[in-house]
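Shown below: upload.pdb, with PDB, C-alpha atoms.
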ATOM      1  CA  THR A1131     128.121 133.003 148.867
ATOM      2  CA  THR A1132     125.249 132.691 146.385
ATOM      3  CA  VAL A1133     122.609 130.276 147.657
ATOM      4  CA  ASP A1134     120.463 128.240 145.248
ATOM      5  CA  ILE A1135     116.900 129.396 145.861
ATOM      6  CA  ARG A1136     115.701 125.784 145.343
ATOM      7  CA  GLN A1137     117.617 124.729 148.474
ATOM      8  CA  LEU A1138     115.912 127.403 150.577
ATOM      9  CA  ILE A1139     112.434 126.195 149.667
ATOM     10  CA  GLU A1140     113.492 122.543 149.818
ATOM     11  CA  ILE A1141     112.801 121.661 146.142
ATOM     12  CA  PRO A1142     115.003 118.717 145.135
ATOM     13  CA  LEU A1143     117.379 119.179 142.229
ATOM     14  CA  VAL A1144     116.149 117.283 139.130
ATOM     15  CA  PRO A1145     118.683 115.959 136.599
ATOM     16  CA  GLU A1146     118.532 117.694 133.243
ATOM     17  CA  GLU A1147     116.398 115.814 130.711
ATOM     18  CA  THR A1148     118.468 114.094 128.057
ATOM     19  CA  ALA A1149     117.684 114.387 124.361
ATOM     20  CA  GLU A1150     116.771 110.707 124.318
ATOM     21  CA  ASP A1151     114.268 111.166 127.161
ATOM     22  CA  ALA A1152     112.786 114.197 125.464
ATOM     23  CA  ALA A1153     112.190 112.425 122.144
ATOM     24  CA  VAL A1154     108.624 111.280 121.712
ATOM     25  CA  ARG A1155     108.294 107.914 120.014
ATOM     26  CA  LYS A1156     105.977 107.846 117.025
ATOM     27  CA  THR A1157     103.094 105.428 117.393
ATOM     28  CA  GLY A1158     100.530 103.514 115.371
ATOM     29  CA  ALA A1159     102.775 101.369 113.153
ATOM     30  CA  GLU A1160     101.112  98.248 111.754
ATOM     31  CA  ASN A1161     101.690  94.981 109.911
ATOM     32  CA  ILE A1162     100.213  95.494 106.443
ATOM     33  CA  LEU A1163      99.937  92.853 103.719
ATOM     34  CA  LEU A1164      99.304  94.246 100.232
ATOM     35  CA  TYR A1165      97.976  91.670  97.791
ATOM     36  CA  GLY A1166      96.715  91.580  94.227
ATOM     37  CA  VAL A1167      97.385  90.250  90.744
ATOM     38  CA  PRO A1168     100.970  90.391  89.402
ATOM     39  CA  GLY A1169     101.742  93.910  88.195
ATOM     40  CA  ALA A1170      98.875  95.630  90.037
ATOM     41  CA  GLY A1171     101.316  98.091  91.661
ATOM     42  CA  LYS A1172     101.902  96.735  95.173
ATOM     43  CA  SER A1173     105.523  97.870  95.420
ATOM     44  CA  HIS A1174     104.530 101.195  93.847
ATOM     45  CA  GLU A1175     101.935 101.611  96.610
ATOM     46  CA  ILE A1176     104.635 101.170  99.256
ATOM     47  CA  LYS A1177     106.880 103.704  97.528
ATOM     48  CA  THR A1178     104.206 106.378  97.114
ATOM     49  CA  LYS A1179     102.054 105.903 100.214
ATOM     50  CA  TYR A1180     104.501 104.770 102.906
ATOM     51  CA  CYS A1181     108.194 105.397 102.254
ATOM     52  CA  SER A1182     110.701 105.814  99.434
ATOM     53  CA  ASP A1183     113.700 106.831 101.550
ATOM     54  CA  GLU A1184     116.056 103.861 101.873
ATOM     55  CA  THR A1185     117.476 105.404 105.063
ATOM     56  CA  TYR A1186     114.373 104.288 106.915
ATOM     57  CA  MET A1187     113.858 100.962 105.167
ATOM     58  CA  GLU A1188     115.079  97.395 104.930
ATOM     59  CA  ARG A1189     113.804  95.494 101.894
ATOM     60  CA  VAL A1190     113.961  91.709 101.585
ATOM     61  CA  VAL A1191     112.533  89.186  99.136
ATOM     62  CA  PHE A1192     111.315  85.820 100.391
ATOM     63  CA  TYR A1193     112.048  82.714  98.300
ATOM     64  CA  PRO A1194     111.915  78.961  99.007
ATOM     65  CA  GLU A1195     115.468  78.729 100.409
ATOM     66  CA  TYR A1196     115.231  81.911 102.517
ATOM     67  CA  MET A1197     115.630  81.054 106.210
ATOM     68  CA  TYR A1198     115.161  82.420 109.738
ATOM     69  CA  SER A1199     118.914  82.962 110.016
ATOM     70  CA  ASP A1200     118.879  85.163 106.878
ATOM     71  CA  PHE A1201     115.990  87.220 108.243
ATOM     72  CA  VAL A1202     116.779  87.608 111.953
ATOM     73  CA  GLY A1203     120.510  86.878 112.138
ATOM     74  CA  GLN A1204     123.024  84.144 112.790
ATOM     75  CA  ILE A1205     126.306  83.461 114.537
ATOM     76  CA  LEU A1206     129.165  83.561 112.037
ATOM     77  CA  PRO A1207     132.964  83.266 112.356
ATOM     78  CA  ARG A1208     134.899  86.508 112.216
ATOM     79  CA  VAL A1209     138.617  87.270 112.477
ATOM     80  CA  GLU A1210     139.336  90.116 114.913
ATOM     81  CA  LYS A1211     142.448  91.589 116.517
ATOM     82  CA  ASP A1212     143.039  90.802 120.186
ATOM     83  CA  GLU A1213     144.738  93.127 122.698
ATOM     84  CA  SER A1214     148.149  92.027 121.456
ATOM     85  CA  GLY A1215     147.280  92.758 117.839
ATOM     86  CA  ASN A1216     147.063  89.109 116.859
ATOM     87  CA  ASP A1217     144.288  87.719 114.689
ATOM     88  CA  ARG A1218     141.785  85.644 116.625
ATOM     89  CA  LEU A1219     138.813  83.710 115.294
ATOM     90  CA  LYS A1220     135.600  84.632 117.079
ATOM     91  CA  TYR A1221     132.002  83.617 116.602
ATOM     92  CA  VAL A1222     129.868  86.732 116.490
ATOM     93  CA  PHE A1223     126.140  87.297 116.041
ATOM     94  CA  THR A1224     125.569  88.940 112.665
ATOM     95  CA  PRO A1225     122.148  90.645 112.544
ATOM     96  CA  GLY A1226     119.782  90.124 109.625
ATOM     97  CA  PRO A1227     117.523  92.812 108.102
ATOM     98  CA  PHE A1228     114.831  92.398 110.763
ATOM     99  CA  THR A1229     117.261  92.940 113.645
ATOM    100  CA  ARG A1230     119.106  95.780 111.901
ATOM    101  CA  LEU A1231     115.899  97.729 111.335
ATOM    102  CA  LEU A1232     114.593  96.925 114.816
ATOM    103  CA  LYS A1233     117.736  98.510 116.267
ATOM    104  CA  LYS A1234     117.394 101.623 114.096
ATOM    105  CA  ALA A1235     113.733 102.082 115.037
ATOM    106  CA  GLU A1236     114.470 101.564 118.727
ATOM    107  CA  GLN A1237     117.269 104.146 118.724
ATOM    108  CA  ASP A1238     115.435 106.740 116.629
ATOM    109  CA  PRO A1239     111.942 107.130 118.147
ATOM    110  CA  GLY A1240     111.176 110.309 116.222
ATOM    111  CA  ASN A1241     110.942 108.602 112.810
ATOM    112  CA  TYR A1242     108.963 105.744 111.320
ATOM    113  CA  TYR A1243     110.871 102.750 109.961
ATOM    114  CA  TYR A1244     109.663 100.219 107.386
ATOM    115  CA  LEU A1245     110.567  96.562 106.995
ATOM    116  CA  VAL A1246     109.433  95.652 103.462
ATOM    117  CA  ILE A1247     108.996  91.971 102.602
ATOM    118  CA  GLU A1248     108.429  91.328  98.903
ATOM    119  CA  GLU A1249     106.808  88.064  97.754
ATOM    120  CA  LEU A1250     105.836  87.005 101.283
ATOM    121  CA  ASN A1251     104.279  83.717 100.234
ATOM    122  CA  ARG A1252     107.131  82.584  97.997
ATOM    123  CA  GLY A1253     108.990  81.609 101.155
ATOM    124  CA  ASN A1254     107.875  79.583 104.159
ATOM    125  CA  ALA A1255     106.886  82.704 106.090
ATOM    126  CA  PRO A1256     105.956  81.090 109.462
ATOM    127  CA  ALA A1257     109.300  79.244 109.516
ATOM    128  CA  ILE A1258     111.238  82.362 108.476
ATOM    129  CA  PHE A1259     109.638  84.444 111.229
ATOM    130  CA  GLY A1260     110.054  81.753 113.892
ATOM    131  CA  GLU A1261     109.388  83.170 117.363
ATOM    132  CA  ILE A1262     109.313  86.698 115.836
ATOM    133  CA  PHE A1263     105.803  85.669 114.769
ATOM    134  CA  GLN A1264     104.683  86.471 118.350
ATOM    135  CA  LEU A1265     105.759  90.094 117.961
ATOM    136  CA  LEU A1266     103.239  90.699 115.184
ATOM    137  CA  ASP A1267     100.492  91.074 117.802
ATOM    138  CA  ARG A1268     100.331  94.859 118.205
ATOM    139  CA  LYS A1269      98.765  96.982 120.927
ATOM    140  CA  ASP A1270      95.696  98.898 119.775
ATOM    141  CA  GLU A1271      93.946 102.019 120.993
ATOM    142  CA  GLU A1272      91.117 100.056 122.596
ATOM    143  CA  GLY A1273      93.072  98.451 125.402
ATOM    144  CA  PHE A1274      96.310 100.415 125.743
ATOM    145  CA  PRO A1275      97.554 103.984 126.309
ATOM    146  CA  ALA A1276      98.024 106.097 123.171
ATOM    147  CA  ARG A1277     101.809 106.166 123.655
ATOM    148  CA  GLU A1278     101.957 102.353 123.294
ATOM    149  CA  VAL A1279      99.716 101.882 120.244
ATOM    150  CA  GLY A1280     101.619  99.949 117.583
ATOM    151  CA  GLU A1281     104.097  98.305 119.959
ATOM    152  CA  SER A1282     104.245  94.505 120.254
ATOM    153  CA  GLU A1283     101.753  93.346 122.839
ATOM    154  CA  TYR A1284     103.977  90.479 123.942
ATOM    155  CA  GLY A1285     107.741  90.448 124.291
ATOM    156  CA  ILE A1286     109.976  87.466 123.559
ATOM    157  CA  SER A1287     113.317  86.310 124.911
ATOM    158  CA  ASN A1288     116.108  86.229 122.355
ATOM    159  CA  TYR A1289     119.625  86.542 123.763
ATOM    160  CA  ASP A1290     121.352  87.608 120.549
ATOM    161  CA  VAL A1291     118.723  90.063 119.293
ATOM    162  CA  ALA A1292     118.306  91.670 122.728
ATOM    163  CA  LYS A1293     122.051  92.191 123.120
ATOM    164  CA  GLU A1294     122.325  93.666 119.610
ATOM    165  CA  VAL A1295     119.321  95.993 119.920
ATOM    166  CA  TYR A1296     119.250  96.979 123.604
ATOM    167  CA  GLY A1297     122.762  96.082 124.805
ATOM    168  CA  ASP A1298     121.120  93.841 127.398
ATOM    169  CA  GLU A1299     120.706  90.147 126.681
ATOM    170  CA  ASN A1300     117.906  89.845 129.259
ATOM    171  CA  HIS A1301     115.766  92.623 127.756
ATOM    172  CA  LEU A1302     112.475  91.392 126.255
ATOM    173  CA  VAL A1303     112.376  91.984 122.509
ATOM    174  CA  ARG A1304     109.445  93.966 121.102
ATOM    175  CA  ILE A1305     108.711  95.688 117.818
ATOM    176  CA  PRO A1306     108.493  99.391 118.716
ATOM    177  CA  SER A1307     105.482 101.516 117.850
ATOM    178  CA  ASN A1308     107.399 103.350 115.099
ATOM    179  CA  MET A1309     108.291 100.266 113.026
ATOM    180  CA  TYR A1310     106.008  99.126 110.210
ATOM    181  CA  VAL A1311     106.170  95.659 108.687
ATOM    182  CA  LEU A1312     104.940  95.845 105.089
ATOM    183  CA  ALA A1313     104.612  92.788 102.853
ATOM    184  CA  THR A1314     103.462  92.103  99.303
ATOM    185  CA  MET A1315     101.868  88.964  97.914
ATOM    186  CA  ASN A1316     100.849  87.978  94.404
ATOM    187  CA  THR A1317      97.544  86.169  94.583
ATOM    188  CA  ALA A1318      98.690  84.135  91.570
ATOM    189  CA  ASP A1319     101.382  82.630  93.815
ATOM    190  CA  GLN A1320      99.106  81.808  96.737
ATOM    191  CA  ASN A1321      99.713  78.078  96.366
ATOM    192  CA  VAL A1322     103.519  78.310  96.472
ATOM    193  CA  PHE A1323     103.470  78.480 100.291
ATOM    194  CA  THR A1324     100.091  78.828 101.952
ATOM    195  CA  LEU A1325      99.720  81.241 104.855
ATOM    196  CA  ASP A1326      97.826  79.710 107.771
ATOM    197  CA  THR A1327      94.990  81.577 109.493
ATOM    198  CA  ALA A1328      97.004  82.291 112.655
ATOM    199  CA  PHE A1329      99.671  84.017 110.579
ATOM    200  CA  GLN A1330      97.269  85.937 108.331
ATOM    201  CA  ARG A1331      95.166  87.325 111.190
ATOM    202  CA  ARG A1332      98.148  89.299 112.478
ATOM    203  CA  TRP A1333      98.205  91.379 109.283
ATOM    204  CA  ASN A1334      95.961  94.137 108.015
ATOM    205  CA  MET A1335      95.083  92.833 104.547
ATOM    206  CA  ARG A1336      94.775  95.449 101.804
ATOM    207  CA  GLN A1337      93.934  94.550  98.224
ATOM    208  CA  ILE A1338      95.568  96.682  95.552
ATOM    209  CA  GLU A1339      92.906  97.402  92.973
ATOM    210  CA  ASN A1340      93.851  96.542  89.407
ATOM    211  CA  ASN A1341      92.399  99.748  88.011
ATOM    212  CA  PHE A1342      93.485 100.805  84.527
ATOM    213  CA  ASP A1343      91.321 103.938  84.593
ATOM    214  CA  LYS A1344      93.524 105.490  87.278
ATOM    215  CA  SER A1345      96.787 104.820  85.440
ATOM    216  CA  GLU A1346      98.300 107.125  82.811
ATOM    217  CA  HIS A1347     100.343 104.110  81.701
ATOM    218  CA  SER A1348      97.157 102.473  80.397
ATOM    219  CA  LYS A1349      96.937 105.098  77.634
ATOM    220  CA  ASP A1350     100.295 104.093  76.134
ATOM    221  CA  ILE A1351      99.912 102.620  72.641
ATOM    222  CA  ILE A1352     101.265  99.128  71.968
ATOM    223  CA  ALA A1353     103.931  99.539  69.257
ATOM    224  CA  GLY A1354     102.819  98.423  65.789
ATOM    225  CA  THR A1355      99.104  98.664  66.604
ATOM    226  CA  LYS A1356      96.421 101.254  67.205
ATOM    227  CA  VAL A1357      95.466  99.711  70.540
ATOM    228  CA  SER A1358      96.332 101.148  73.939
ATOM    229  CA  TRP A1359      97.716  98.955  76.716
ATOM    230  CA  GLY A1360      94.695  99.660  78.916
ATOM    231  CA  ALA A1361      92.161  98.730  76.218
ATOM    232  CA  PHE A1362      94.013  95.520  75.394
ATOM    233  CA  ALA A1363      94.438  94.409  79.007
ATOM    234  CA  THR A1364      90.848  95.236  79.970
ATOM    235  CA  VAL A1365      89.412  93.061  77.169
ATOM    236  CA  ILE A1366      91.844  90.233  77.885
ATOM    237  CA  ASN A1367      91.117  90.323  81.633
ATOM    238  CA  ASP A1368      87.377  90.043  81.008
ATOM    239  CA  MET A1369      88.044  87.021  78.801
ATOM    240  CA  VAL A1370      90.262  85.434  81.449
ATOM    241  CA  ILE A1371      87.379  85.541  83.918
ATOM    242  CA  ASP A1372      84.748  84.359  81.427
ATOM    243  CA  ILE A1373      86.732  81.474  79.967
ATOM    244  CA  ASN A1374      88.122  80.212  83.264
ATOM    245  CA  VAL A1375      84.933  80.737  85.243
ATOM    246  CA  ASP A1376      85.091  77.199  86.665
ATOM    247  CA  MET A1377      88.619  77.690  87.992
ATOM    248  CA  ALA A1378      88.845  79.070  91.543
ATOM    249  CA  SER A1379      92.031  81.027  90.785
ATOM    250  CA  SER A1380      90.985  82.405  87.393
ATOM    251  CA  GLU A1381      91.072  86.055  88.481
ATOM    252  CA  ASP A1382      94.716  85.630  89.487
ATOM    253  CA  LYS A1383      95.617  85.120  85.811
ATOM    254  CA  ARG A1384      94.640  88.660  84.876
ATOM    255  CA  LEU A1385      97.124  91.221  83.597
ATOM    256  CA  GLY A1386      98.137  93.819  86.166
ATOM    257  CA  THR A1387      98.288  97.516  85.358
ATOM    258  CA  TYR A1388     102.082  97.428  85.431
ATOM    259  CA  PHE A1389     102.483  93.873  84.127
ATOM    260  CA  ALA A1390     104.127  95.434  81.059
ATOM    261  CA  ARG A1391     106.023  98.696  81.370
ATOM    262  CA  LYS A1392     106.108 101.250  78.569
ATOM    263  CA  LYS A1393     109.357  99.906  77.123
ATOM    264  CA  GLU A1394     107.824  96.422  77.079
ATOM    265  CA  LEU A1395     105.125  97.597  74.694
ATOM    266  CA  GLU A1396     107.733  97.675  71.922
ATOM    267  CA  ALA A1397     107.215  95.065  69.180
ATOM    268  CA  ASP A1398     110.261  92.949  70.013
ATOM    269  CA  ARG A1399     109.373  92.772  73.717
ATOM    270  CA  PHE A1400     105.576  92.699  73.876
ATOM    271  CA  SER A1401     105.338  89.293  72.225
ATOM    272  CA  GLU A1402     107.879  87.731  74.593
ATOM    273  CA  LYS A1403     106.479  89.346  77.723
ATOM    274  CA  VAL A1404     102.712  89.501  77.265
ATOM    275  CA  LEU A1405     101.705  87.157  74.436
ATOM    276  CA  LYS A1406     103.940  84.393  75.815
ATOM    277  CA  TYR A1407     102.228  84.718  79.203
ATOM    278  CA  LEU A1408      98.791  84.485  77.591
ATOM    279  CA  TRP A1409      99.819  81.415  75.578
ATOM    280  CA  ASP A1410     101.626  79.553  78.370
ATOM    281  CA  ASP A1411      99.491  80.496  81.340
ATOM    282  CA  ALA A1412      96.290  82.529  81.117
ATOM    283  CA  PHE A1413      94.849  80.658  78.106
ATOM    284  CA  LYS A1414      96.854  77.449  78.208
ATOM    285  CA  MET A1415      93.654  75.359  78.376
ATOM    286  CA  ASP A1416      92.055  77.049  75.362
ATOM    287  CA  LYS A1417      94.515  78.978  73.220
ATOM    288  CA  THR A1418      92.057  79.282  70.317
ATOM    289  CA  ALA A1419      89.854  81.486  72.490
ATOM    290  CA  ILE A1420      92.232  84.370  71.866
ATOM    291  CA  PHE A1421      94.730  83.451  69.125
ATOM    292  CA  ASN A1422      93.730  82.918  65.482
ATOM    293  CA  GLU A1423      93.909  79.581  63.705
ATOM    294  CA  ASN A1424      97.239  80.372  61.994
ATOM    295  CA  CYS A1425      99.034  80.327  65.349
ATOM    296  CA  LYS A1426      99.734  76.649  66.029
ATOM    297  CA  SER A1427     102.606  77.267  68.448
ATOM    298  CA  LEU A1428     104.157  80.008  70.558
ATOM    299  CA  GLU A1429     106.858  80.316  67.922
ATOM    300  CA  ASP A1430     104.170  81.094  65.338
ATOM    301  CA  VAL A1431     102.733  83.778  67.609
ATOM    302  CA  VAL A1432     106.073  85.499  68.228
ATOM    303  CA  ILE A1433     107.288  85.389  64.616
ATOM    304  CA  THR A1434     103.941  86.453  63.157
ATOM    305  CA  TYR A1435     103.648  89.343  65.601
ATOM    306  CA  GLU A1436     107.175  90.640  65.142
ATOM    307  CA  THR A1437     107.185  90.397  61.324
ATOM    308  CA  ALA A1438     103.667  91.712  60.671
ATOM    309  CA  THR A1439     103.692  94.821  58.480
ATOM    310  CA  SER A1440     100.109  95.798  59.253
ATOM    311  CA  ASP A1441      98.536  95.923  62.716
ATOM    312  CA  LYS A1442     100.508  93.385  64.730
ATOM    313  CA  LEU A1443      97.735  92.429  67.154
ATOM    314  CA  ALA A1444      95.327  91.864  64.267
ATOM    315  CA  ALA A1445      97.840  89.407  62.827
ATOM    316  CA  VAL A1446      97.776  87.066  65.851
ATOM    317  CA  LEU A1447      94.449  87.572  67.618
ATOM    318  CA  ARG A1448      91.090  86.174  66.629
ATOM    319  CA  THR A1449      89.144  88.791  64.677
ATOM    320  CA  SER A1450      86.363  88.932  67.284
ATOM    321  CA  VAL A1451      88.909  89.555  70.042
ATOM    322  CA  TYR A1452      90.746  92.236  68.106
ATOM    323  CA  GLU A1453      87.479  94.040  67.321
ATOM    324  CA  LYS A1454      86.630  94.176  71.013
TER     325      LYS A1454
END

Kindly transcribe the structure held in the file into structure tokens.
Amino acid sequence: TTVDIRQLIEIPLVPEETAEDAAVRKTGAENILLYGVPGAGKSHEIKTKYCSDETYMERVVFYPEYMYSDFVGQILPRVEKDESGNDRLKYVFTPGPFTRLLKKAEQDPGNYYYLVIEELNRGNAPAIFGEIFQLLDRKDEEGFPAREVGESEYGISNYDVAKEVYGDENHLVRIPSNMYVLATMNTADQNVFTLDTAFQRRWNMRQIENNFDKSEHSKDIIAGTKVSWGAFATVINDMVIDINVDMASSEDKRLGTYFARKKELEADRFSEKVLKYLWDDAFKMDKTAIFNENCKSLEDVVITYETATSDKLAAVLRTSVYEK
């Protein structure tokens, strides 16, 4: 009979390591809040710098009616077959995007996952997060082992989420170290729902620079003129700051690099997209600062611009502005 050499030297048999045990969980995920003027490229930053593969993402948009139950999950009625094949009405926890991604990240430690929240401050974020707010405190490299960096420092009790994610209702819920929470916020919308200090401090704030020099899009010519989008927006943005210098939120009225896409530089779209914004919002307190005296109403601006046979911008802007 063949004898196992490990028995002779009294080394205990060790169970074979499972694939799940062998997988090393990625670490260092963060909560990152990208903010800037509308059209600065916040969503583009997420796509190019963090992730563009929808397999590893959940994307949601906050709005005033968006609720905790939409975000985390809720108990909903569902018709299911019983053992006899008869339809039975059951009330089942239906996970929201947060819980769905949490489960994916927990079960796949070898990849990073990204929860993307667009327009964070257009919803009541603290109410939407509820007790999940506590999970935004992450372990850092200063006080915790490297293998735990990025994981929630504190766990919470949530029967439904724990059962869905871990299969154990008593398991403390934590955001794993391989799950990012990325959010975007237009500074122009900062008064829709204010974010309190306790909520903001749990995010790494990163401003997206509104830099036309770094964008090829800024060189696109506005149809019907000789002016590039970057030249136009740069002059207008300087005027927004100068004219509204006494207004605390004046810089939020600036045009973002991607405020108007290339197709929106066409004559029949530029007036409705850009000139309307300047008339109704950015220069609503002093329209004559930018538009010439022939433009008495928005209708005058749009019609004059679209029907002009010479340079269209010259037809609606003050001469001094156009020359700049």

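Matched in the shown structure by the PyMOL selection byres ((chain A and resi 1434) around 10): Ser1401, Asn1424, Cys1425, Leu1428, Glu1429, Asp1430, Val1431, Val1432, Ile1433, Tyr1435, Glu1436, Thr1437, Ala1438, Thr1439, Lys1442, Leu1443, Ala1445 and Val1446 of chain A.
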
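The nearest approach to Ile1366 in chain A among the residues A:Leu1447, A:Val1190, A:Ile1338, A:Cys1181, with all atoms listed in the file taken into account, belongs to A:Leu1447.
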
Contacts of range 1287-1298 of chain A at 10 Å (only C-alpha atoms; same-chain gap of 4+ positions) as a list of chain:residue names
A:Val1202, A:Gly1203, A:Gln1204, A:Ile1205, A:Val1222, A:Phe1223, A:Thr1224, A:Pro1225, A:Gly1226, A:Phe1228, A:Thr1229, A:Arg1230, A:Leu1231, A:Leu1232, A:Lys1233, A:Lys1234, A:Ala1235, A:Glu1236, A:Gln1237, A:Glu1261, A:Ile1262, A:Leu1302, A:Val1303, A:Arg1304

Report, in Å to a single decimal, how far apart CA of Gly1253 in chain A and CA of Pro1194 in chain A are.
4.5 Å

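Residues near the point (109.3, 97.5, 97.3), at a distance of 9 Å or less over only C-alpha atoms, make up Lys1172, Ser1173, His1174, Glu1175, Ile1176, Lys1177, Ser1182, Arg1189, Val1190, Val1246, Ile1247, Glu1248, Ala1313 and Thr1314 of chain A.
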
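Ranking A:Arg1331, A:Lys1403, A:Arg1384, A:His1301 by their shortest atom-to-atom distance to Gly1285 in chain A, with all atoms listed in the file included, puts A:His1301 first.
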
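Residue neighbourhood of Gln1264 in chain A, excluding near-sequence residues (fewer than 2 positions): Phe1259, Gly1260, Glu1261, Ile1262, Leu1266, Asp1267, Ser1282, Glu1283, Tyr1284, Gly1285 and Ile1286 of chain A, at 9 Å, using only C-alpha atoms.
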
Okay, now the selection with C-alpha atoms, as an mmCIF file, in the coordinates of the input?
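This went into selection02.cif:
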data_model
loop_
_atom_site.group_PDB
_atom_site.id
_atom_site.type_symbol
_atom_site.label_atom_id
_atom_site.label_comp_id
_atom_site.auth_asym_id
_atom_site.auth_seq_id
_atom_site.Cartn_x
_atom_site.Cartn_y
_atom_site.Cartn_z
ATOM 1 C CA PHE A 1259 109.638 84.444 111.229
ATOM 2 C CA GLY A 1260 110.054 81.753 113.892
ATOM 3 C CA GLU A 1261 109.388 83.170 117.363
ATOM 4 C CA ILE A 1262 109.313 86.698 115.836
ATOM 5 C CA LEU A 1266 103.239 90.699 115.184
ATOM 6 C CA ASP A 1267 100.492 91.074 117.802
ATOM 7 C CA SER A 1282 104.245 94.505 120.254
ATOM 8 C CA GLU A 1283 101.753 93.346 122.839
ATOM 9 C CA TYR A 1284 103.977 90.479 123.942
ATOM 10 C CA GLY A 1285 107.741 90.448 124.291
ATOM 11 C CA ILE A 1286 109.976 87.466 123.559
#
